[in-house]
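Only one structure is covered here, and it is reproduced in the block below.
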Amino acid sequence: MTGKILDIEKWKTEYPFLNEIWKFYDKLDETLSETDNGAYSQLCSTVGIYGTDRVDEKKNTCKRLFRNTFLLSNSGYRFDVFSKYCDILYIWLYFEIEKNKLDARIINKIFQDSIKAAQQKSRNKISCPYVSYHEILHEPEKLMKLSTFNKNAEKFQSVLMNKNDSSDCSCQKYVFDCVNIYNDMYGKYCSDEHSKDNTQLCEIAKQFGTLYTGYLFNKRNDISYELKPLSSTTTNHVVNCQTNIDSVISTSTGEQSSSVTSKTLNTALGTMAGIPPFLVLIYKFTPVGTWFRSKYRKGADVFKNVDEEIEKEIYNPRYENANLNYSQATYNVAYEQL
């Protein structure tokens with residue numbers, strides 16, 4: 001999965017607020033137990049479409065796919081949760097095929113068989129409808145990101161409306177990525193002349209447009225970040241994200257050599273699109289930055305008497321980490337190293 005838009009392990013780190021999804025994905029990805037292996041071996045041994053290449057891998061995926069399909073069918077989840085978990089099943093199957101370099105046509109046929117079996121033999125006689133991201137012609141992994149938003153729109157709204165949520169920055173980044181993906185894909189694949197060839201893609205994209213507008217853009221007065229309408233041609237970037245600034249600066253100013261610190265800081269500055277580098281340096285390395293951070297942490301009115309206090313900091317600085325030695329004849333100044 002290296003280099004993929006949707007790298008599951010990377011997603012788990014970058015988007016912790018989607019923890020429910022990662023837990024269920026891990027459950028689907030579990031190794032077969034002896035019980036499961038025995039329960040589904042006979043079903044998968046009767047499948048006659050494996051061919052002659054990578055037969056063991058295909059059979060193993062077959063058993064895991066039957067297990068996962070029945071897991072969902074027997075779950076008793078309410079409809080919205082069931083639909084959300086079905087989408088995770090589709091994502092898991094896509095990467096199962098990619099990871100093991102399997103023939104998608106064969107595995108998708110097995111998936112269809114597992115759906116029929118679940119509808120007939122599972123406790124609730126229901127199953128996920130058949131969906132395959134491998135059958136989507138264009139950029140399926142980007143589409144997965146939109147679909148995940150669609151199934152979790154309330155969660156995104158909740159995080160962005162809660163200004164104290166520690167995941168607000170990563171949530172904002174996810175949403176902006178989705179808006180950029182939507183604007184790019186909808187224009188290329190969902191115009192009148194192309195939409196009939198991209199029915200499933202355009203359905204997911206249109207649903208994203210509806211949910212983004214209803215859950216986020218129309219509620220933008222309750223969200224502390226600027227949200228643009230989908231019609232905007234401006235590429236969206238994460239800005240004004242205090243969590244990002246503090247974590248990046250903290251990382252870059254730890255116990256490191258000056259060369260490593262410089263490299264880390266440059267990389268960090270590059271990740272904070274929309275924030276001029278000199279402002280970040282002022283934030284960390286000047287008395288004004290020290291004053292601003294102390295005000296921010298205390299929750300005080302930052303802009304009260306701002307002119308007087310900044311002037312005081314500039315003309316009466318505190319040299320906490322620098323040495324200033326002077327005599328009447330000479331001045332030796334040791335500058336703090338960045």
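In the structure tokens, chains take the letters A, B, ... in the order shown, each chain's residues start at 1, and ligands count up from 1 in the order shown.
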- Message: Set the distance at 12 Å and use only C-alpha atoms: which residues neighbour region 217-221 of chain A once local chain neighbours fewer than 4 positions away are removed? I'd like the list as a PyMOL selection string.
- Response: chain A and resi 153-154+156-158+160-161+175-176+179+208-213+225-231
Let's have the selection written as a PDB file, in the first residue's frame, with C-alpha atoms.
```pdb
ATOM      1  CA  ALA A 153     -20.689  13.376   8.301  1.00  0.00           C
ATOM      2  CA  GLU A 154     -22.100  13.820  11.811  1.00  0.00           C
ATOM      3  CA  PHE A 156     -16.930  15.530  11.224  1.00  0.00           C
ATOM      4  CA  GLN A 157     -19.490  18.145  12.206  1.00  0.00           C
ATOM      5  CA  SER A 158     -19.127  17.287  15.894  1.00  0.00           C
ATOM      6  CA  LEU A 160     -15.217  20.858  13.978  1.00  0.00           C
ATOM      7  CA  MET A 161     -17.876  22.444  16.180  1.00  0.00           C
ATOM      8  CA  VAL A 175     -12.322  17.922   5.087  1.00  0.00           C
ATOM      9  CA  PHE A 176     -10.203  20.282   2.984  1.00  0.00           C
ATOM     10  CA  VAL A 179     -13.218  19.428  -0.954  1.00  0.00           C
ATOM     11  CA  PHE A 208     -20.424  14.464  -0.600  1.00  0.00           C
ATOM     12  CA  GLY A 209     -21.508  17.814  -2.027  1.00  0.00           C
ATOM     13  CA  THR A 210     -24.900  17.550  -0.339  1.00  0.00           C
ATOM     14  CA  LEU A 211     -23.509  16.444   3.039  1.00  0.00           C
ATOM     15  CA  TYR A 212     -20.630  18.932   3.087  1.00  0.00           C
ATOM     16  CA  THR A 213     -23.043  21.766   2.392  1.00  0.00           C
ATOM     17  CA  TYR A 225     -12.392  27.586  10.543  1.00  0.00           C
ATOM     18  CA  GLU A 226     -13.095  29.244   7.232  1.00  0.00           C
ATOM     19  CA  LEU A 227     -15.034  26.935   4.936  1.00  0.00           C
ATOM     20  CA  LYS A 228     -15.375  27.663   1.248  1.00  0.00           C
ATOM     21  CA  PRO A 229     -18.342  26.756  -0.958  1.00  0.00           C
ATOM     22  CA  LEU A 230     -17.780  23.835  -3.290  1.00  0.00           C
ATOM     23  CA  SER A 231     -18.004  26.159  -6.274  1.00  0.00           C
TER      24      SER A 231
END
```
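Across the model, the gap from CA of Trp11 (chain A) to CA of Asn164 (chain A) is 21.6 Å.
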Env of Lys188 (chain A): 12 Å cut, atoms = only C-alpha atoms, seq-sep filter 6 positions within chain, self excluded. Answer as a short mmCIF file (atom, residue, chain, number, x, y, z; two decimals) with C-alpha atoms, in the first residue's frame.
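Output saved as part.cif:
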```
data_model
loop_
_atom_site.label_atom_id
_atom_site.label_comp_id
_atom_site.auth_asym_id
_atom_site.auth_seq_id
_atom_site.Cartn_x
_atom_site.Cartn_y
_atom_site.Cartn_z
CA HIS A 138 -11.13 6.59 -12.05
CA GLU A 139 -9.16 7.21 -8.84
CA ILE A 181 -10.81 15.97 -4.38
CA TYR A 182 -14.47 16.75 -5.03
CA HIS A 194 -19.06 11.99 -18.79
CA SER A 195 -21.51 11.25 -15.97
CA ASP A 197 -19.89 6.46 -17.76
CA ASN A 198 -19.15 7.20 -14.09
CA LEU A 201 -18.30 7.81 -8.85
CA CYS A 202 -20.67 10.70 -9.47
CA ALA A 205 -19.31 12.81 -5.27
#
```
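Interatomic distance, CA of Ser147 (chain A) against CA of Lys84 (chain A): 9.3 Å.
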- What does the distance between CA of Thr31 (chain A) and CA of Thr148 (chain A) come to in Å, to one decimal place? 24.4 Å
- Message: Could you check the closest approach to Ile115 (chain A) for each of A:Leu71, A:Lys151, A:Asp103, A:Phe95 and tell me which residue wins, using only C-alpha atoms?
- Response: A:Leu71
- Item | Closest of A:Tyr133, A:Phe79, A:Tyr186, A:Tyr174 to Tyr15 (chain A) - atom-to-atom distances counting only C-alpha atoms |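 Using only C-alpha atoms, the shortest distance to Tyr15 (chain A) belongs to A:Tyr174.
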- Can you work out which one of A:Cys62, A:Leu137, A:Ile106, A:Ile91 has the shortest atom-to-atom distance to Gln42 (chain A), counting only C-alpha atoms?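 Residue with the minimum atom-to-atom distance to Gln42 (chain A): A:Cys62.
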